[in-house]
file data38.csv (CSV, C-alpha atoms)
chain,number,residue,atom,x,y,z
A,1231,MET,CA,58.5,18.2,-82.7
A,1232,GLU,CA,55.4,17.9,-84.7
A,1233,ASP,CA,52.9,16.3,-82.3
A,1234,PRO,CA,53.0,15.3,-78.7
A,1235,ILE,CA,53.2,11.6,-79.5
A,1236,GLU,CA,56.5,12.0,-81.2
A,1237,GLN,CA,58.4,12.3,-77.9
A,1238,PHE,CA,57.7,8.6,-77.1
A,1239,GLU,CA,59.4,7.3,-80.3
A,1240,VAL,CA,62.3,5.0,-79.7
A,1241,LYS,CA,65.1,6.1,-82.1
A,1242,PRO,CA,68.3,4.1,-82.5
A,1243,ILE,CA,71.6,5.8,-81.9
A,1244,TRP,CA,74.0,3.0,-82.9
A,1245,GLU,CA,72.4,0.5,-85.3
A,1246,LEU,CA,73.2,-3.2,-84.6
A,1247,LYS,CA,71.3,-6.0,-86.3
A,1248,VAL,CA,72.2,-9.5,-85.3
A,1249,GLY,CA,70.5,-12.0,-87.7
A,1250,GLY,CA,67.1,-10.3,-88.0
A,1251,VAL,CA,66.9,-9.2,-84.3
A,1252,ASP,CA,67.3,-5.5,-83.8
A,1253,LEU,CA,69.7,-4.9,-80.9
A,1254,SER,CA,70.5,-1.3,-81.6
A,1255,PHE,CA,71.5,1.0,-78.8
A,1256,THR,CA,68.5,3.4,-78.7
A,1257,ASN,CA,67.8,6.6,-76.8
A,1258,SER,CA,65.8,4.4,-74.4
A,1259,SER,CA,68.9,2.3,-73.7
A,1260,LEU,CA,70.9,5.5,-73.3
A,1261,PHE,CA,68.7,6.8,-70.5
A,1262,MET,CA,68.6,3.5,-68.8
A,1263,VAL,CA,72.4,3.5,-68.8
A,1264,VAL,CA,72.3,7.0,-67.4
A,1265,ALA,CA,69.9,6.1,-64.6
A,1266,VAL,CA,71.9,3.0,-63.6
A,1267,VAL,CA,75.2,4.8,-63.7
A,1268,THR,CA,73.8,7.7,-61.7
A,1269,ALA,CA,72.5,5.3,-59.0
A,1270,LEU,CA,75.8,3.3,-58.9
A,1271,VAL,CA,78.1,6.3,-58.8
A,1272,PHE,CA,76.0,8.1,-56.2
A,1273,LEU,CA,75.6,5.1,-53.9
A,1274,TYR,CA,79.3,4.2,-54.2
A,1275,PHE,CA,80.6,7.7,-53.4
A,1276,ALA,CA,78.0,8.4,-50.7
A,1277,THR,CA,79.0,5.3,-48.7
A,1278,ARG,CA,82.7,5.3,-49.1
A,1279,LYS,CA,83.5,7.1,-45.8
A,1280,ARG,CA,81.5,5.0,-43.4
A,1281,SER,CA,81.4,7.5,-40.7
A,1282,VAL,CA,79.2,7.0,-37.7
A,1283,ILE,CA,77.8,10.5,-38.0
A,1284,PRO,CA,76.9,10.7,-41.6
A,1285,GLY,CA,77.4,13.6,-43.9
A,1286,THR,CA,74.8,14.8,-46.3
A,1287,SER,CA,75.1,12.2,-49.1
A,1288,GLN,CA,75.7,9.3,-46.8
A,1289,SER,CA,72.6,10.4,-44.9
A,1290,PHE,CA,70.6,10.5,-48.1
A,1291,ALA,CA,71.8,7.0,-49.1
A,1292,GLU,CA,70.9,5.7,-45.7
A,1293,THR,CA,67.4,7.4,-46.0
A,1294,LEU,CA,66.8,5.6,-49.3
A,1295,TYR,CA,67.9,2.3,-47.7
A,1296,ASN,CA,65.7,2.8,-44.7
A,1297,PHE,CA,62.8,3.8,-46.9
A,1298,VAL,CA,62.8,0.6,-49.0
A,1299,ASP,CA,63.6,-1.4,-45.9
A,1300,GLY,CA,60.5,0.0,-44.2
A,1301,ILE,CA,58.3,-0.9,-47.1
A,1302,LEU,CA,59.6,-4.4,-47.1
A,1303,MET,CA,59.2,-4.8,-43.3
A,1304,GLU,CA,55.7,-3.4,-43.3
A,1305,ASN,CA,54.4,-5.5,-46.2
A,1306,VAL,CA,56.4,-8.7,-46.1
A,1307,GLY,CA,57.7,-9.0,-42.6
A,1308,PRO,CA,61.2,-10.0,-41.4
A,1309,GLU,CA,61.7,-12.6,-44.1
A,1310,GLY,CA,61.5,-9.7,-46.6
A,1311,LYS,CA,65.2,-9.0,-46.1
A,1312,LYS,CA,66.1,-11.7,-48.7
A,1313,TYR,CA,64.3,-9.8,-51.4
A,1314,PHE,CA,65.8,-6.4,-50.6
A,1315,PRO,CA,68.2,-6.2,-53.6
A,1316,PHE,CA,65.4,-6.9,-56.0
A,1317,VAL,CA,62.9,-4.4,-54.5
A,1318,PHE,CA,65.6,-1.7,-54.1
A,1319,SER,CA,66.7,-2.2,-57.8
A,1320,VAL,CA,63.1,-1.9,-59.0
A,1321,PHE,CA,62.5,1.2,-56.9
A,1322,LEU,CA,65.6,3.0,-58.0
A,1323,PHE,CA,65.2,2.0,-61.7
A,1324,VAL,CA,61.5,3.2,-61.8
A,1325,ALA,CA,62.1,6.3,-59.7
A,1326,LEU,CA,65.2,7.5,-61.7
A,1327,GLY,CA,63.4,6.7,-64.9
A,1328,ASN,CA,60.4,8.8,-64.0
A,1329,ILE,CA,62.4,11.7,-62.6
A,1330,ILE,CA,64.9,11.8,-65.5
A,1331,GLY,CA,61.9,12.2,-67.8
A,1332,CYS,CA,61.0,15.5,-66.2
A,1333,ILE,CA,64.2,17.1,-67.7
A,1334,PRO,CA,63.5,18.6,-71.1
A,1335,TYR,CA,64.8,16.8,-74.2
A,1336,THR,CA,65.2,13.5,-72.4
A,1337,PHE,CA,63.4,10.2,-73.0
A,1338,THR,CA,61.2,8.6,-70.3
A,1339,TYR,CA,61.9,4.9,-70.6
A,1340,THR,CA,59.3,4.1,-68.0
A,1341,SER,CA,56.6,5.4,-70.4
A,1342,HIS,CA,57.0,2.3,-72.5
A,1343,ALA,CA,54.9,-0.8,-71.7
A,1344,SER,CA,57.7,-3.1,-72.9
A,1345,VAL,CA,60.1,-1.8,-70.2
A,1346,VAL,CA,57.6,-1.7,-67.3
A,1347,GLY,CA,55.8,-4.8,-68.4
A,1348,GLY,CA,59.1,-6.7,-68.4
A,1349,ILE,CA,59.6,-5.8,-64.7
A,1350,ALA,CA,56.0,-6.6,-63.8
A,1351,VAL,CA,56.0,-10.0,-65.6
A,1352,PHE,CA,59.4,-10.8,-64.1
A,1353,SER,CA,58.0,-10.2,-60.6
A,1354,LEU,CA,54.9,-12.2,-61.4
A,1355,LEU,CA,57.0,-15.2,-62.5
A,1356,MET,CA,59.2,-14.7,-59.4
A,1357,ASN,CA,56.0,-14.9,-57.2
A,1358,ILE,CA,54.8,-18.1,-58.9
A,1359,VAL,CA,58.2,-19.8,-58.5
A,1360,LEU,CA,58.6,-18.7,-54.9
A,1361,GLY,CA,55.0,-19.7,-54.1
A,1362,ILE,CA,55.5,-23.2,-55.5
A,1363,LYS,CA,58.9,-23.5,-53.8
A,1364,LYS,CA,57.4,-22.6,-50.4
A,1365,LYS,CA,54.1,-24.3,-50.4
A,1366,GLY,CA,54.5,-27.1,-53.0
A,1367,MET,CA,51.4,-27.8,-54.9
A,1368,GLY,CA,49.4,-26.2,-52.1
A,1369,TRP,CA,50.1,-22.9,-53.8
A,1370,LEU,CA,47.2,-23.6,-56.0
A,1371,ARG,CA,45.0,-23.0,-52.9
A,1372,THR,CA,45.5,-19.3,-53.4
A,1373,PHE,CA,42.9,-19.6,-56.2
A,1374,LEU,CA,40.3,-20.8,-53.8
A,1375,PRO,CA,40.4,-18.6,-50.7
A,1376,HIS,CA,40.2,-20.1,-47.3
A,1377,GLY,CA,36.7,-20.8,-46.2
A,1378,THR,CA,34.7,-20.6,-49.4
A,1379,PRO,CA,32.4,-23.6,-50.0
A,1380,VAL,CA,33.8,-26.0,-52.6
A,1381,ILE,CA,30.5,-25.8,-54.6
A,1382,ALA,CA,31.4,-22.2,-55.6
A,1383,ALA,CA,34.8,-23.3,-56.9
A,1384,PRO,CA,33.9,-23.5,-60.7
A,1385,ILE,CA,32.9,-19.8,-60.5
A,1386,ILE,CA,35.5,-18.5,-58.1
A,1387,VAL,CA,38.6,-20.2,-59.4
A,1388,PRO,CA,38.5,-18.7,-63.0
A,1389,ILE,CA,37.8,-15.3,-61.5
A,1390,GLU,CA,40.7,-15.6,-59.1
A,1391,ILE,CA,43.0,-16.8,-61.9
A,1392,ILE,CA,42.0,-13.8,-64.1
A,1393,SER,CA,42.5,-11.4,-61.2
A,1394,PHE,CA,45.9,-13.0,-60.4
A,1395,LEU,CA,47.0,-12.6,-64.1
A,1396,SER,CA,45.7,-9.0,-64.3
A,1397,LYS,CA,48.0,-7.8,-61.5
A,1398,PRO,CA,51.1,-7.2,-63.6
A,1399,PHE,CA,48.9,-5.7,-66.3
A,1400,SER,CA,47.4,-3.2,-64.0
A,1401,LEU,CA,50.8,-2.3,-62.5
A,1402,THR,CA,52.2,-1.7,-66.0
A,1403,VAL,CA,49.2,0.4,-67.3
A,1404,ARG,CA,49.2,2.5,-64.1
A,1405,LEU,CA,52.8,3.6,-64.5
A,1406,VAL,CA,52.8,3.9,-68.3
A,1407,ALA,CA,49.6,5.9,-68.5
A,1408,ASN,CA,50.7,8.2,-65.7
A,1409,MET,CA,54.0,9.0,-67.4
A,1410,MET,CA,52.4,9.3,-70.8
A,1411,VAL,CA,49.6,11.6,-69.7
A,1412,GLY,CA,52.0,13.9,-67.9
A,1413,HIS,CA,54.3,14.4,-70.8
A,1414,ILE,CA,51.5,14.7,-73.4
A,1415,MET,CA,49.9,17.4,-71.3
A,1416,LEU,CA,53.2,19.3,-71.0
A,1417,LYS,CA,53.6,19.3,-74.7
A,1418,VAL,CA,50.1,20.3,-75.5
A,1419,ILE,CA,50.2,23.3,-73.1
A,1420,ALA,CA,53.7,24.2,-74.6
A,1421,GLY,CA,51.9,24.4,-77.9
A,1422,PHE,CA,49.6,27.0,-76.4
A,1423,VAL,CA,52.5,29.1,-75.3
A,1424,VAL,CA,53.5,29.5,-78.9
A,1425,SER,CA,50.0,30.1,-80.3
A,1426,LEU,CA,49.0,32.7,-77.8
A,1427,LYS,CA,51.7,35.1,-78.9
A,1428,ALA,CA,51.5,38.0,-76.4
A,1429,PHE,CA,49.8,36.2,-73.5
A,1430,GLY,CA,52.1,33.2,-73.7
A,1431,PHE,CA,53.4,33.7,-70.2
A,1432,VAL,CA,50.2,32.4,-68.7
A,1433,PRO,CA,50.6,28.8,-70.0
A,1434,LEU,CA,54.3,29.2,-69.3
A,1435,ALA,CA,53.6,29.7,-65.6
A,1436,PHE,CA,51.2,26.8,-65.7
A,1437,ILE,CA,54.0,24.6,-67.2
A,1438,CYS,CA,56.4,25.5,-64.4
A,1439,ILE,CA,53.8,24.3,-61.8
A,1440,LEU,CA,53.0,21.2,-63.9
A,1441,VAL,CA,56.7,20.2,-64.0
A,1442,LEU,CA,56.8,20.3,-60.2
A,1443,PHE,CA,53.6,18.2,-60.1
A,1444,GLU,CA,55.2,15.8,-62.6
A,1445,ALA,CA,58.2,15.3,-60.4
A,1446,GLY,CA,55.9,14.6,-57.4
A,1447,ILE,CA,53.8,12.1,-59.4
A,1448,ALA,CA,57.1,10.5,-60.7
A,1449,PHE,CA,58.2,9.7,-57.1
A,1450,LEU,CA,54.7,8.7,-56.0
A,1451,GLN,CA,54.3,6.3,-58.9
A,1452,ALA,CA,57.6,4.7,-58.2
A,1453,TYR,CA,56.6,4.3,-54.5
A,1454,ILE,CA,53.2,2.7,-55.5
A,1455,PHE,CA,54.9,0.3,-57.9
A,1456,THR,CA,57.3,-0.8,-55.2
A,1457,VAL,CA,54.6,-1.1,-52.5
A,1458,LEU,CA,52.3,-3.2,-54.8
A,1459,THR,CA,55.2,-5.4,-55.8
A,1460,CYS,CA,55.9,-6.1,-52.1
A,1461,ILE,CA,52.2,-6.8,-51.4
A,1462,TYR,CA,52.0,-9.3,-54.2
A,1463,LEU,CA,55.3,-10.9,-52.9
A,1464,ASN,CA,53.7,-11.1,-49.4
A,1465,GLU,CA,50.7,-12.9,-50.9
A,1466,ALA,CA,52.9,-15.4,-52.6
A,1467,ILE,CA,55.1,-16.2,-49.7
A,1468,HIS,CA,52.7,-16.2,-46.7
A,1469,GLU,CA,49.5,-18.0,-46.0
A,1470,HIS,CA,46.4,-15.8,-46.7
B,1095,MET,CA,32.6,7.6,-102.8
B,1096,ASP,CA,30.9,5.0,-100.7
B,1097,ALA,CA,34.2,4.1,-99.0
B,1098,GLU,CA,34.6,7.7,-98.0
B,1099,ILE,CA,31.2,7.9,-96.4
B,1100,TYR,CA,31.8,4.6,-94.5
B,1101,LYS,CA,35.2,5.9,-93.3
B,1102,SER,CA,33.7,9.1,-92.0
B,1103,ILE,CA,30.9,7.2,-90.2
B,1104,ALA,CA,33.5,5.0,-88.6
B,1105,GLN,CA,35.4,8.2,-87.5
B,1106,VAL,CA,32.3,9.7,-86.0
B,1107,GLY,CA,31.8,6.4,-84.1
B,1108,LYS,CA,35.3,6.6,-82.8
B,1109,TYR,CA,34.8,10.1,-81.5
B,1110,ILE,CA,31.6,9.2,-79.8
B,1111,GLY,CA,33.4,6.2,-78.1
B,1112,VAL,CA,36.2,8.5,-76.9
B,1113,GLY,CA,33.6,10.9,-75.5
B,1114,MET,CA,32.1,8.1,-73.5
B,1115,CYS,CA,35.5,7.1,-72.2
B,1116,ALA,CA,35.9,10.7,-71.0
B,1117,LEU,CA,32.5,10.6,-69.3
B,1118,SER,CA,33.4,7.4,-67.4
B,1119,MET,CA,36.2,9.1,-65.6
B,1120,LEU,CA,33.5,10.7,-63.4
B,1121,GLY,CA,33.5,7.5,-61.3
B,1122,ALA,CA,37.2,7.8,-60.7
B,1123,ALA,CA,36.9,11.5,-59.7
B,1124,LEU,CA,34.2,10.6,-57.2
B,1125,GLY,CA,36.4,7.9,-55.8
B,1126,VAL,CA,39.4,10.1,-55.3
B,1127,ALA,CA,37.2,12.7,-53.7
B,1128,ARG,CA,35.9,10.1,-51.2
B,1129,ILE,CA,39.4,9.1,-50.3
B,1130,TRP,CA,40.5,12.7,-49.5
B,1131,VAL,CA,37.3,13.3,-47.5
B,1132,ALA,CA,38.0,10.3,-45.4
B,1133,ILE,CA,41.6,11.3,-44.8
B,1134,ILE,CA,40.6,14.8,-43.8
B,1135,GLU,CA,37.9,13.5,-41.4
B,1136,THR,CA,40.2,11.0,-39.9
B,1137,ILE,CA,43.0,13.5,-39.3
B,1138,GLY,CA,40.4,16.0,-38.0
B,1139,ARG,CA,39.0,13.6,-35.4
B,1140,ASN,CA,42.4,12.2,-34.3
B,1141,PRO,CA,45.4,14.4,-35.3
B,1142,SER,CA,47.9,12.0,-33.9
B,1143,VAL,CA,47.4,9.3,-36.6
B,1144,LYS,CA,48.4,11.7,-39.4
B,1145,SER,CA,51.7,10.0,-40.1
B,1146,ASP,CA,50.1,6.5,-40.1
B,1147,VAL,CA,47.2,7.4,-42.4
B,1148,SER,CA,48.8,9.7,-44.9
B,1149,ILE,CA,50.5,6.8,-46.7
B,1150,TYR,CA,47.2,5.1,-47.2
B,1151,GLY,CA,45.8,8.3,-48.6
B,1152,TRP,CA,48.5,8.6,-51.3
B,1153,VAL,CA,48.5,4.9,-52.2
B,1154,GLY,CA,44.7,4.9,-52.4
B,1155,PHE,CA,44.8,8.0,-54.5
B,1156,ALA,CA,47.2,6.6,-57.1
B,1157,VAL,CA,45.4,3.3,-57.3
B,1158,THR,CA,42.0,5.0,-57.9
B,1159,GLU,CA,43.4,7.4,-60.4
B,1160,ALA,CA,44.8,4.5,-62.3
B,1161,ILE,CA,41.2,3.4,-63.2
B,1162,ALA,CA,40.6,6.8,-64.9
B,1163,LEU,CA,43.9,6.3,-66.8
B,1164,TYR,CA,42.7,2.8,-68.0
B,1165,ALA,CA,39.8,4.7,-69.6
B,1166,MET,CA,42.3,7.0,-71.2
B,1167,VAL,CA,44.3,4.2,-72.6
B,1168,LEU,CA,41.2,2.8,-74.2
B,1169,ALA,CA,40.4,6.2,-75.7
B,1170,LEU,CA,43.9,6.6,-77.1
B,1171,LEU,CA,43.7,3.1,-78.6
B,1172,THR,CA,40.4,3.8,-80.4
B,1173,LEU,CA,41.6,7.2,-81.6
B,1174,PHE,CA,45.0,6.2,-83.0
B,1175,ASN,CA,44.5,2.7,-84.1
call {"tool": "encode", "arguments": {"input": "data38.csv", "output": "C-alpha cells"}}
result
Amino acid sequence: MEDPIEQFEVKPIWELKVGGVDLSFTNSSLFMVVAVVTALVFLYFATRKRSVIPGTSQSFAETLYNFVDGILMENVGPEGKKYFPFVFSVFLFVALGNIIGCIPYTFTYTSHASVVGGIAVFSLLMNIVLGIKKKGMGWLRTFLPHGTPVIAAPIIVPIEIISFLSKPFSLTVRLVANMMVGHIMLKVIAGFVVSLKAFGFVPLAFICILVLFEAGIAFLQAYIFTVLTCIYLNEAIHEH
Amino acid sequence: MDAEIYKSIAQVGKYIGVGMCALSMLGAALGVARIWVAIIETIGRNPSVKSDVSIYGWVGFAVTEAIALYAMVLALLTLFN
C-alpha cells in the first residue's frame, strides 16, 4: 500500500462488461455479499429452534429485532410496523458494512458515496411516494409549515425545498466521511509504526485503541443512519 | 516557467484554503462540548433519567460531529482535485 487513499479503490475481481456498462464483480461487491450472507445465515440458524426460553444466539437475534422495533415505535409510531423490513435491512447492511471494515485487509463498502447515496436517495424517493399516496397533493404543504403567513412563502418555500433535498446528502456525507476518516487515520498512524523503528510500539498501542474506537463509531453511525431514516419517514407519513 | 509559477501559487492557495477548513472545525468542537456538558448536568441533577437522555447525547454528538466532517470533505476535495 503506497498511500492511505489506495485502500478505498474499487478493484474488479471478475471482469464483466455488458455493452459498455461495467458490471464486474468487484471487491466492494464481494464484501456486500459477505455481509448479506452473514446476516442471513446468522438469523436463520439463530431462530430455527423457536424455544420459549431463548439460547444465546436466538436471544441476540431477538435483541436486534427489538432494537430496530424500538427505533421504529419511538419515531414513527404503531404504523411503523409496515416499514420494518426496509429499516431492518438498512440497519443490518450499514452496520455489517461498517464493522467488517474494521478487520484488516477488508474493504469498507459503506465508505463509498455511491453505495450509501443509493440507500439515501432510495429512502428519499420512498418518502416522496408515500407522502403523496397518504396526503395527495396536500403533501406539498410540508414546504410551507403550518402557521407561517402566506406572504413569507416566496422566501420560505425555496429554503424548505433545499433543506428537504439536502437530507439524503447529509446522511450520505456523514456516514462516508466518518468511515473514510477512521480508516485514513489508522493507515497514517500505521505508517508511523514503521518509521519510528525502535519506539514503534507506542503508535501500535494507539492503533489498538483506535480500532476499538472505530468499531464503536461503526455501530453508532449505523444507529444514527437508521434513526434519521425513521425520522424522515415519520415526517413524510404524519402531519407536522 | 510562467506556468510553473502560476501552478505553485495555486498550490499555495489550496493549502491556505485547507488550513481555513481545519480552523472551522472549532465550531463543531465547541458544539460537541456543549452537548456533553448538558448531558452531564442533566444526569447530575436527576440521575433517574440517564437511560432516557443518553440516546439523545449520542445522536446529538454524531450529528454535530458530521459538520466538522463536511469541512474535511471540502478540504480533501480541494487538496486532491
call {"tool": "interface_residues", "arguments": {"input": "data38.csv", "of": "chain A", "to": "chain B", "cutoff": "8 Å", "atoms": "only C-alpha atoms", "output": "list in words"}}
result
Val1403, Arg1404, Ala1407, Asn1408, Leu1450, Gln1451 and Ile1454 of chain A
call {"tool": "atom_distance", "arguments": {"input": "data38.csv", "atom1": "CA of Asn1328 in chain A", "atom2": "CA of Ser1344 in chain A"}}
result
15.1 Å
call {"tool": "residues_near_point", "arguments": {"input": "data38.csv", "point": "(39.3, 3.3, -74.8)", "cutoff": "10 Å", "atoms": "all atoms listed in the file", "output": "ChimeraX atom specification"}}
result
/B:1108,1111-1116,1163-1173
call {"tool": "atom_distance", "arguments": {"input": "data38.csv", "atom1": "CA of Thr1456 in chain A", "atom2": "CA of Val1320 in chain A"}}
result
7.0 Å
call {"tool": "atom_distance", "arguments": {"input": "data38.csv", "atom1": "CA of Tyr1453 in chain A", "atom2": "CA of Ala1325 in chain A"}}
result
7.8 Å
call {"tool": "residues_near_point", "arguments": {"input": "data38.csv", "point": "(51.2, 29.8, -66.0)", "cutoff": "12 Å", "atoms": "only C-alpha atoms", "output": "list in words"}}
result
Leu1416, Ile1419, Ala1420, Phe1422, Val1423, Phe1429, Gly1430, Phe1431, Val1432, Pro1433, Leu1434, Ala1435, Phe1436, Ile1437, Cys1438, Ile1439, Leu1440 and Val1441 of chain A
call {"tool": "closest_residue", "arguments": {"input": "data38.csv", "among": "A:Ile1243, A:Met1262, A:Leu1401, A:Ala1466", "to": "Ala1343 in chain A", "atoms": "only C-alpha atoms"}}
result
A:Leu1401
call {"tool": "closest_residue", "arguments": {"input": "data38.csv", "among": "A:Pro1334, A:Lys1417, A:Leu1273, A:Glu1304", "to": "Glu1292 in chain A", "atoms": "all atoms listed in the file"}}
result
A:Leu1273
call {"tool": "residues_around", "arguments": {"input": "data38.csv", "residues": "Phe1318 in chain A", "least_positions_apart": "5", "cutoff": "12 Å", "atoms": "only C-alpha atoms", "output": "number ranges by chain"}}
result
A: 1269, 1291, 1294-1302, 1310-1313, 1323-1326, 1452-1453, 1455-1457, 1459-1460
call {"tool": "residues_around", "arguments": {"input": "data38.csv", "residues": "Leu1260 in chain A", "least_positions_apart": "6", "cutoff": "10 Å", "atoms": "only C-alpha atoms", "output": "PDB file with C-alpha atoms, in the coordinates of the input"}}
result
ATOM      1  CA  PRO A1242      68.300   4.100 -82.500  1.00  0.00           C
ATOM      2  CA  ILE A1243      71.600   5.800 -81.900  1.00  0.00           C
ATOM      3  CA  THR A1336      65.200  13.500 -72.400  1.00  0.00           C
ATOM      4  CA  PHE A1337      63.400  10.200 -73.000  1.00  0.00           C
ATOM      5  CA  TYR A1339      61.900   4.900 -70.600  1.00  0.00           C
TER       6      TYR A1339
END
call {"tool": "residues_around", "arguments": {"input": "data38.csv", "residues": "Ile1133 in chain B", "least_positions_apart": "3", "cutoff": "10 Å", "atoms": "all atoms listed in the file", "output": "count of residues only"}}
result
12
